[in-house]
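Colleague: Structure file target06.txt (compact mmCIF, C-alpha atoms) is given on the next line.
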```txt
# COMPACT_ATOMS: atom_id res chain seq x y z
CA MET S 1 95.22 110.02 105.57
CA THR S 2 93.22 109.08 108.65
CA ARG S 3 90.50 106.61 107.94
CA ARG S 4 87.55 105.51 110.04
CA ARG S 5 88.31 102.36 112.00
CA LEU S 6 86.05 99.35 111.90
CA ASP S 7 83.67 98.91 114.83
CA GLU S 8 82.81 95.53 116.39
CA VAL S 9 79.86 94.79 114.06
CA ASP S 10 81.99 95.69 111.02
CA LYS S 11 84.79 93.45 112.27
CA SER S 12 82.43 90.49 112.76
CA ILE S 13 81.10 90.87 109.23
CA VAL S 14 84.61 91.19 107.80
CA ALA S 15 85.71 88.09 109.72
CA HIS S 16 83.09 86.09 107.78
CA LEU S 17 83.99 87.71 104.46
CA SER S 18 87.74 87.17 104.99
CA ARG S 19 87.20 83.42 104.94
CA ASP S 20 84.78 83.32 102.03
CA ALA S 21 83.31 86.50 100.59
CA ARG S 22 80.72 84.59 98.52
CA VAL S 23 78.78 83.81 101.70
CA SER S 24 75.30 85.37 101.55
CA ASN S 25 74.27 88.43 103.57
CA GLY S 26 71.42 86.36 105.01
CA GLN S 27 73.82 83.74 106.32
CA ILE S 28 76.09 86.35 107.95
CA ALA S 29 73.04 88.08 109.44
CA GLY S 30 71.77 84.80 110.89
CA GLU S 31 75.07 84.00 112.55
CA LEU S 32 75.53 87.51 113.98
CA GLY S 33 71.91 87.99 115.02
CA VAL S 34 71.41 91.18 113.01
CA THR S 35 69.16 91.90 110.03
CA GLU S 36 70.14 91.18 106.46
CA GLY S 37 69.65 94.88 105.71
CA THR S 38 72.25 95.79 108.33
CA VAL S 39 74.78 93.41 106.81
CA ARG S 40 74.12 94.72 103.30
CA ALA S 41 74.37 98.39 104.38
CA ARG S 42 77.54 97.81 106.40
CA ILE S 43 79.31 96.04 103.54
CA LYS S 44 78.28 98.74 101.08
CA ARG S 45 79.51 101.49 103.40
CA MET S 46 82.85 99.78 104.13
CA GLU S 47 83.45 99.31 100.41
CA GLU S 48 82.51 102.90 99.59
CA GLU S 49 84.83 104.24 102.27
CA LYS S 50 87.61 101.95 100.98
CA LEU S 51 87.91 100.22 104.33
CA ILE S 52 87.54 96.83 102.66
CA ARG S 53 87.81 95.48 99.13
CA ILE S 54 86.16 92.22 98.13
CA THR S 55 88.23 90.52 95.50
CA ALA S 56 89.52 87.26 94.06
CA VAL S 57 93.05 86.20 95.02
CA THR S 58 94.87 83.44 93.19
CA ASN S 59 97.42 80.94 94.42
CA ILE S 60 101.03 81.60 93.45
CA ASP S 61 101.82 77.91 94.03
CA ARG S 62 100.19 77.26 90.67
CA PHE S 63 103.15 78.96 89.02
CA ARG S 64 106.40 77.10 89.66
CA ASP S 65 108.40 79.65 87.70
CA ALA S 66 107.21 82.83 89.39
CA ALA S 67 109.38 84.70 91.89
CA LEU S 68 108.77 87.90 93.78
CA ALA S 69 111.25 90.69 93.08
CA TYR S 70 111.87 93.60 95.44
CA ILE S 71 113.14 96.60 93.50
CA TRP S 72 114.61 99.46 95.53
CA ILE S 73 114.82 102.69 93.57
CA GLU S 74 117.02 105.69 94.29
CA VAL S 75 116.12 108.99 92.63
CA GLU S 76 118.53 111.66 91.30
CA ARG S 77 117.05 114.45 93.39
CA SER S 78 114.70 114.10 96.35
CA ASP S 79 112.10 116.36 94.73
CA GLN S 80 111.69 113.72 92.02
CA THR S 81 110.58 111.00 94.44
CA ARG S 82 106.85 111.61 94.10
CA GLY S 83 107.03 111.93 90.33
CA VAL S 84 108.92 108.66 89.95
CA ALA S 85 106.56 106.90 92.38
CA GLY S 86 103.60 108.22 90.37
CA ALA S 87 105.09 106.83 87.16
CA LEU S 88 105.69 103.45 88.84
CA GLU S 89 102.09 103.35 90.04
CA GLU S 90 100.98 103.27 86.39
CA ILE S 91 102.94 100.07 85.65
CA ASP S 92 100.43 97.20 85.74
CA GLU S 93 103.00 94.54 86.64
CA LEU S 94 103.89 96.23 89.93
CA GLY S 95 101.81 94.96 92.84
CA PHE S 96 103.29 97.35 95.40
CA VAL S 97 104.74 100.85 95.17
CA GLY S 98 105.73 102.75 98.30
CA VAL S 99 107.71 105.89 99.08
CA MET S 100 110.09 104.77 101.81
CA LEU S 101 112.06 106.30 104.65
CA GLY S 102 115.37 104.43 104.90
CA ARG S 103 117.16 101.79 102.76
CA SER S 104 116.27 103.69 99.55
CA ASP S 105 113.70 106.16 98.22
CA ILE S 106 111.06 103.89 96.71
CA LEU S 107 110.19 100.20 96.99
CA ALA S 108 108.43 98.47 94.09
CA ILE S 109 107.44 94.79 94.12
CA THR S 110 106.66 92.65 91.11
CA MET S 111 106.46 89.03 89.97
CA VAL S 112 109.07 87.78 87.50
CA ARG S 113 109.91 84.46 85.86
CA ASN S 114 113.70 84.53 86.42
CA THR S 115 116.72 86.82 86.67
CA GLU S 116 116.76 87.52 82.91
CA HIS S 117 113.12 88.59 83.06
CA LEU S 118 113.90 90.81 86.08
CA ALA S 119 116.86 92.46 84.31
CA GLU S 120 114.75 93.08 81.21
CA PHE S 121 111.86 94.51 83.26
CA ILE S 122 114.15 96.93 85.12
CA HIS S 123 116.01 97.98 82.00
CA GLN S 124 112.94 98.56 79.87
CA ARG S 125 110.38 99.78 82.37
CA ILE S 126 112.11 101.24 85.46
CA SER S 127 115.45 102.74 84.43
CA VAL S 128 113.81 104.72 81.62
CA ILE S 129 111.69 106.76 84.05
CA PRO S 130 113.15 110.28 84.33
CA GLY S 131 114.70 110.82 87.77
CA VAL S 132 115.65 107.19 88.45
CA ARG S 133 119.31 107.19 89.47
CA ARG S 134 119.92 103.55 90.32
CA THR S 135 118.07 100.42 91.36
CA GLU S 136 118.92 97.50 93.58
CA SER S 137 116.94 94.29 93.32
CA THR S 138 116.40 91.26 95.47
CA LEU S 139 114.91 88.10 94.04
CA GLY S 140 112.73 85.88 96.18
CA VAL S 141 113.43 82.15 96.20
CA ASN S 142 110.51 81.12 98.43
CA PHE S 143 107.33 83.11 98.96
CA VAL S 144 106.45 81.82 102.43
CA LYS S 145 103.54 84.02 103.45
CA HIS S 146 101.34 86.87 102.35
CA ASP S 147 98.33 87.66 104.49
CA TYR S 148 95.93 88.66 101.71
CA ARG S 149 93.33 89.70 104.29
CA MET S 150 95.32 92.90 104.78
CA ALA S 151 96.45 95.62 102.34
CA ARG S 152 96.64 99.36 101.89
CA ILE S 153 93.52 100.05 99.88
CA VAL S 154 94.20 102.92 97.54
CA SER S 155 91.80 102.52 94.63
CA MET V 1 104.52 75.06 99.13
CA ASN V 2 102.25 75.97 102.00
CA ASP V 3 100.66 73.61 104.46
CA LEU V 4 97.09 73.90 103.30
CA ALA V 5 98.02 73.27 99.69
CA ALA V 6 99.99 70.23 100.81
CA ASN V 7 97.12 68.89 102.89
CA ALA V 8 94.51 69.53 100.27
CA ALA V 9 96.67 67.76 97.65
CA PRO V 10 95.68 70.31 95.04
CA VAL V 11 95.06 69.19 91.54
CA LEU V 12 96.65 71.70 89.21
CA ILE V 13 93.83 72.50 86.84
CA GLU V 14 94.32 74.06 83.45
CA LEU V 15 92.84 77.54 83.31
CA ASP V 16 91.08 78.37 80.07
CA ASP V 17 89.85 81.77 78.87
CA THR V 18 86.51 81.34 80.63
CA ASP V 19 88.19 80.68 83.99
CA GLN V 20 90.44 83.69 83.47
CA ALA V 21 87.48 85.90 82.54
CA ILE V 22 85.61 84.82 85.68
CA ILE V 23 88.69 85.52 87.84
CA ASP V 24 89.08 88.96 86.25
CA LEU V 25 85.45 89.88 86.98
CA LEU V 26 85.71 88.63 90.58
CA ARG V 27 88.92 90.61 91.07
CA GLU V 28 86.95 93.75 90.15
CA ASP V 29 83.96 92.85 92.32
CA GLY V 30 84.17 89.75 94.48
CA ARG V 31 80.44 89.78 95.20
CA MET V 32 79.26 90.05 91.61
CA PRO V 33 76.22 87.73 91.34
CA TYR V 34 76.71 84.54 89.30
CA ARG V 35 73.84 85.66 87.09
CA ALA V 36 75.60 88.94 86.20
CA ILE V 37 78.85 87.10 85.45
CA ALA V 38 76.96 84.65 83.24
CA ARG V 39 75.25 87.46 81.35
CA GLN V 40 78.49 89.34 80.77
CA LEU V 41 80.40 86.27 79.53
CA GLU V 42 77.37 84.88 77.65
CA ILE V 43 77.46 81.53 79.41
CA THR V 44 74.94 79.88 81.75
CA GLU V 45 74.73 80.59 85.44
CA ALA V 46 75.26 76.87 86.14
CA THR V 47 78.57 77.00 84.23
CA VAL V 48 79.75 80.00 86.27
CA ARG V 49 78.79 78.26 89.51
CA ALA V 50 80.60 75.05 88.50
CA ARG V 51 83.71 76.93 87.35
CA VAL V 52 83.94 78.96 90.56
CA ARG V 53 83.54 75.80 92.64
CA ARG V 54 86.31 74.10 90.64
CA LEU V 55 88.64 77.11 91.06
CA GLU V 56 88.00 77.12 94.80
CA GLU V 57 88.19 73.36 95.35
CA SER V 58 91.47 73.08 93.45
CA ASN V 59 92.84 75.81 95.75
CA THR V 60 93.47 78.04 92.75
CA MET V 61 91.27 80.99 93.72
CA ARG V 62 89.59 82.41 96.78
CA VAL V 63 87.16 85.31 96.97
CA VAL V 64 87.86 87.24 100.15
CA ALA V 65 87.49 90.58 101.90
CA VAL V 66 90.74 92.53 102.13
CA THR V 67 90.80 95.03 105.00
CA ASP V 68 92.66 98.32 104.73
CA ILE V 69 95.54 98.19 107.21
CA GLU V 70 94.72 101.61 108.60
CA ALA V 71 91.03 100.74 109.04
CA ALA V 72 92.23 97.64 110.90
CA GLY V 73 94.09 99.93 113.30
CA PHE V 74 97.63 99.73 111.92
CA GLY V 75 99.17 103.14 111.25
CA MET V 76 102.61 101.98 110.11
CA LEU V 77 103.91 99.70 107.35
CA LEU V 78 107.57 98.72 107.07
CA ALA V 79 109.74 96.65 104.74
CA ILE V 80 112.45 94.93 106.77
CA GLY V 81 115.51 93.09 105.48
CA VAL V 82 116.57 90.26 107.77
CA GLN V 83 120.10 88.85 107.99
CA VAL V 84 120.26 85.33 109.39
CA GLU V 85 123.07 83.47 111.16
CA ASN V 86 123.47 79.93 112.52
CA ARG V 87 120.08 78.84 111.22
CA SER V 88 118.52 78.23 107.82
CA PRO V 89 116.73 81.24 106.31
CA GLU V 90 113.75 78.94 105.59
CA ALA V 91 113.39 78.06 109.28
CA VAL V 92 113.66 81.69 110.34
CA ALA V 93 111.17 82.71 107.63
CA ARG V 94 108.62 80.13 108.83
CA GLU V 95 108.94 81.29 112.41
CA LEU V 96 108.56 84.95 111.40
CA ALA V 97 105.49 84.00 109.34
CA ASP V 98 103.70 82.96 112.53
CA ILE V 99 103.79 86.54 113.85
CA PRO V 100 100.44 88.17 112.93
CA GLU V 101 101.95 91.64 112.29
CA VAL V 102 104.35 90.09 109.78
CA PHE V 103 102.03 89.94 106.77
CA SER V 104 104.47 89.04 104.01
CA VAL V 105 107.57 86.80 104.15
CA ASN V 106 110.01 85.99 101.38
CA VAL V 107 113.24 84.03 101.47
CA VAL V 108 115.57 85.96 99.15
CA VAL V 109 119.09 85.95 97.77
CA GLY V 110 121.19 89.09 98.14
CA THR V 111 122.40 91.29 100.99
CA HIS V 112 119.59 90.01 103.19
CA ASP V 113 118.32 86.47 103.64
CA VAL V 114 114.65 87.19 104.28
CA GLU V 115 112.48 90.16 103.31
CA ILE V 116 109.37 90.83 105.38
CA LEU V 117 106.56 93.38 105.36
CA VAL V 118 105.14 94.28 108.76
CA VAL V 119 102.46 96.52 110.23
CA ALA V 120 102.31 98.20 113.63
CA GLU V 121 99.66 100.21 115.47
CA ASP V 122 102.03 102.95 116.64
CA GLN V 123 105.63 103.64 117.60
CA ASP V 124 105.44 101.73 120.90
CA ALA V 125 104.00 98.68 119.20
CA LEU V 126 106.70 98.95 116.54
CA ASP V 127 109.43 99.09 119.17
CA GLU V 128 108.03 95.96 120.82
CA LEU V 129 107.68 94.18 117.46
CA ILE V 130 111.20 94.97 116.18
CA GLY V 131 113.16 94.98 119.42
CA GLY V 132 111.20 92.12 121.00
CA LYS V 133 109.53 89.63 118.67
CA LEU V 134 111.65 90.04 115.52
CA ALA V 135 115.09 90.58 117.06
CA GLY V 136 114.30 87.83 119.57
CA THR V 137 113.59 85.20 116.93
CA PRO V 138 116.41 82.60 116.95
CA GLY V 139 118.70 83.01 113.95
CA VAL V 140 117.95 86.70 113.40
CA ARG V 141 121.25 88.59 113.27
CA ARG V 142 120.37 92.05 111.95
CA LEU V 143 117.19 93.86 110.95
CA THR V 144 117.30 96.65 108.37
CA PRO V 145 113.95 98.45 108.30
CA ALA V 146 112.43 101.06 105.99
CA LEU V 147 109.20 102.87 106.87
CA ALA V 148 106.60 103.42 104.17
CA LEU V 149 105.72 107.14 104.08
CA ASP V 150 103.15 106.72 101.32
CA VAL V 151 101.83 103.55 99.73
CA LEU V 152 100.67 104.38 96.22
CA LYS V 153 99.75 100.88 95.21
CA ASN V 154 99.18 97.60 97.00
CA GLN V 155 97.31 94.96 95.06
CA PRO V 156 98.77 91.55 95.61
CA ASP V 157 96.73 89.39 93.24
CA TRP V 158 98.98 86.32 93.26
CA VAL V 159 99.88 85.15 96.74
CA PRO V 160 100.71 81.91 98.57
CA PHE V 161 97.66 80.47 100.38
CA HIS V 162 99.37 80.34 103.76
CA ASP V 163 96.98 79.29 106.53
CA PRO V 164 98.58 79.21 109.97
CA ALA V 165 96.88 76.70 112.23
```
In structure tokens, write the structure found in this file.
Modeller:
Amino acid sequence: MTRRRLDEVDKSIVAHLSRDARVSNGQIAGELGVTEGTVRARIKRMEEEKLIRITAVTNIDRFRDAALAYIWIEVERSDQTRGVAGALEEIDELGFVGVMLGRSDILAITMVRNTEHLAEFIHQRISVIPGVRRTESTLGVNFVKHDYRMARIVS
Amino acid sequence: MNDLAANAAPVLIELDDTDQAIIDLLREDGRMPYRAIARQLEITEATVRARVRRLEESNTMRVVAVTDIEAAGFGMLLAIGVQVENRSPEAVARELADIPEVFSVNVVVGTHDVEILVVAEDQDALDELIGGKLAGTPGVRRLTPALALDVLKNQPDWVPFHDPA
């Protein structure tokens, strides 16, 4: 569970990449006063150790009819929690799956078009998983912030 | 609608299959060279470059580094339901969004008025965050937290481009 923490040089490189990851290694090296080889090696190592992930993110504001849904899932028996979470992990539409302490057993987050779509998604994809006892959902009406520079990197 | 999008007066561009294919490749590897993208999609490098610029300038896509929260020094992740009183949930949500440890904010309908995701370095930092900053925000009535024991998946591809000043 414990991962290496970023040192100061790593953090400076990541600060550049968090604004625009298409910036060249040479440009980062020039601004930090280190060699291009250092920048290249550091980025490679951070990616290999899953400390950072360089990826495209897209703007939800482009989709007027998309809302975030928080789905809280209670399992029948506590020993089914990991199994249910594992099954949820396989569902492409879910952007977040976490085993939780408090409120309920598992939290899953997805994007839906409306309440009908949410009901259909839960009925067809979540409730059918063996061990799911009940679900409680909350629909977002305004997605105010998501700091995409930060995530739990698992794959 | 976030501030940057408002300021930049984004033009909503139509995404065709080529744009979508470029986005998909950059989601897999954000530093994939334009030449490699061009080869894979059988289009010219100049087309890839122009498409990426258009996606970025229209505020549709950004290619960024995402840091693992633990590597960044945060050992704890929580989902907190917020009940609001005597203030609009929108106003409370915007104020909570200015707190760096609060990395996701949604105004919702249901038992709670706002759902937030937060990170904390350790238990002391968490106590200060919840008991101090969050509970002390005007309009916050009750906080109902849940601690993530294990995050199996966390890949937010579609997000608001919120840029605090």
Colleague: Restrict the distance test to all atoms listed in the file, flag each residue of chain S within 8 Å of chain V, and return the flagged residues as a short mmCIF file (atom, residue, chain, number, x, y, z; two decimals) with C-alpha atoms, keeping the file's coordinate frame.
Modeller:
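To be explicit, this is the file written out as part.cif:
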```cif
data_model
loop_
_atom_site.label_atom_id
_atom_site.label_comp_id
_atom_site.auth_asym_id
_atom_site.auth_seq_id
_atom_site.Cartn_x
_atom_site.Cartn_y
_atom_site.Cartn_z
CA THR S 2 93.22 109.08 108.65
CA ARG S 3 90.50 106.61 107.94
CA ARG S 4 87.55 105.51 110.04
CA ARG S 5 88.31 102.36 112.00
CA LEU S 6 86.05 99.35 111.90
CA VAL S 14 84.61 91.19 107.80
CA LEU S 17 83.99 87.71 104.46
CA SER S 18 87.74 87.17 104.99
CA ARG S 19 87.20 83.42 104.94
CA ASP S 20 84.78 83.32 102.03
CA ALA S 21 83.31 86.50 100.59
CA ARG S 22 80.72 84.59 98.52
CA LYS S 50 87.61 101.95 100.98
CA LEU S 51 87.91 100.22 104.33
CA ILE S 52 87.54 96.83 102.66
CA ARG S 53 87.81 95.48 99.13
CA ILE S 54 86.16 92.22 98.13
CA THR S 55 88.23 90.52 95.50
CA ALA S 56 89.52 87.26 94.06
CA VAL S 57 93.05 86.20 95.02
CA THR S 58 94.87 83.44 93.19
CA ASN S 59 97.42 80.94 94.42
CA ILE S 60 101.03 81.60 93.45
CA ASP S 61 101.82 77.91 94.03
CA ARG S 62 100.19 77.26 90.67
CA LEU S 68 108.77 87.90 93.78
CA ALA S 85 106.56 106.90 92.38
CA GLY S 86 103.60 108.22 90.37
CA GLU S 89 102.09 103.35 90.04
CA GLY S 95 101.81 94.96 92.84
CA PHE S 96 103.29 97.35 95.40
CA VAL S 97 104.74 100.85 95.17
CA GLY S 98 105.73 102.75 98.30
CA VAL S 99 107.71 105.89 99.08
CA MET S 100 110.09 104.77 101.81
CA LEU S 101 112.06 106.30 104.65
CA GLY S 102 115.37 104.43 104.90
CA ARG S 103 117.16 101.79 102.76
CA SER S 104 116.27 103.69 99.55
CA THR S 138 116.40 91.26 95.47
CA LEU S 139 114.91 88.10 94.04
CA GLY S 140 112.73 85.88 96.18
CA VAL S 141 113.43 82.15 96.20
CA ASN S 142 110.51 81.12 98.43
CA PHE S 143 107.33 83.11 98.96
CA VAL S 144 106.45 81.82 102.43
CA LYS S 145 103.54 84.02 103.45
CA HIS S 146 101.34 86.87 102.35
CA ASP S 147 98.33 87.66 104.49
CA TYR S 148 95.93 88.66 101.71
CA ARG S 149 93.33 89.70 104.29
CA MET S 150 95.32 92.90 104.78
CA ALA S 151 96.45 95.62 102.34
CA ARG S 152 96.64 99.36 101.89
CA ILE S 153 93.52 100.05 99.88
CA VAL S 154 94.20 102.92 97.54
#
```
Colleague: Under the rule that all atoms listed in the file are counted, which of S:Thr38, S:Asp79, S:Asp105, S:Ala67 is the nearest residue to His117 (chain S)?
Modeller: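 Looking only at the distances to His117 (chain S), the closest residue turns out to be S:Ala67.
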Colleague: Taking into account only C-alpha atoms, which residue in the set S:Val34, S:Ala69, S:Arg45, S:Val132 is nearest to Arg82 (chain S)?
Modeller: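 Ranked by minimum distance to Arg82 (chain S), first place goes to S:Val132.
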Colleague: Pick from S:His16, S:Ile73, S:Glu120, S:Leu94: nearest to Thr135 (chain S), with only C-alpha atoms counted?
Modeller: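 Once distances to Thr135 (chain S) are computed over only C-alpha atoms, the minimum belongs to S:Ile73.
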Colleague: Which distance in Å separates CA of Gln27 (chain S) and CA of Asp7 (chain S), to one decimal?
Modeller: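 Computing it gives 20.0 Å between the two atoms.
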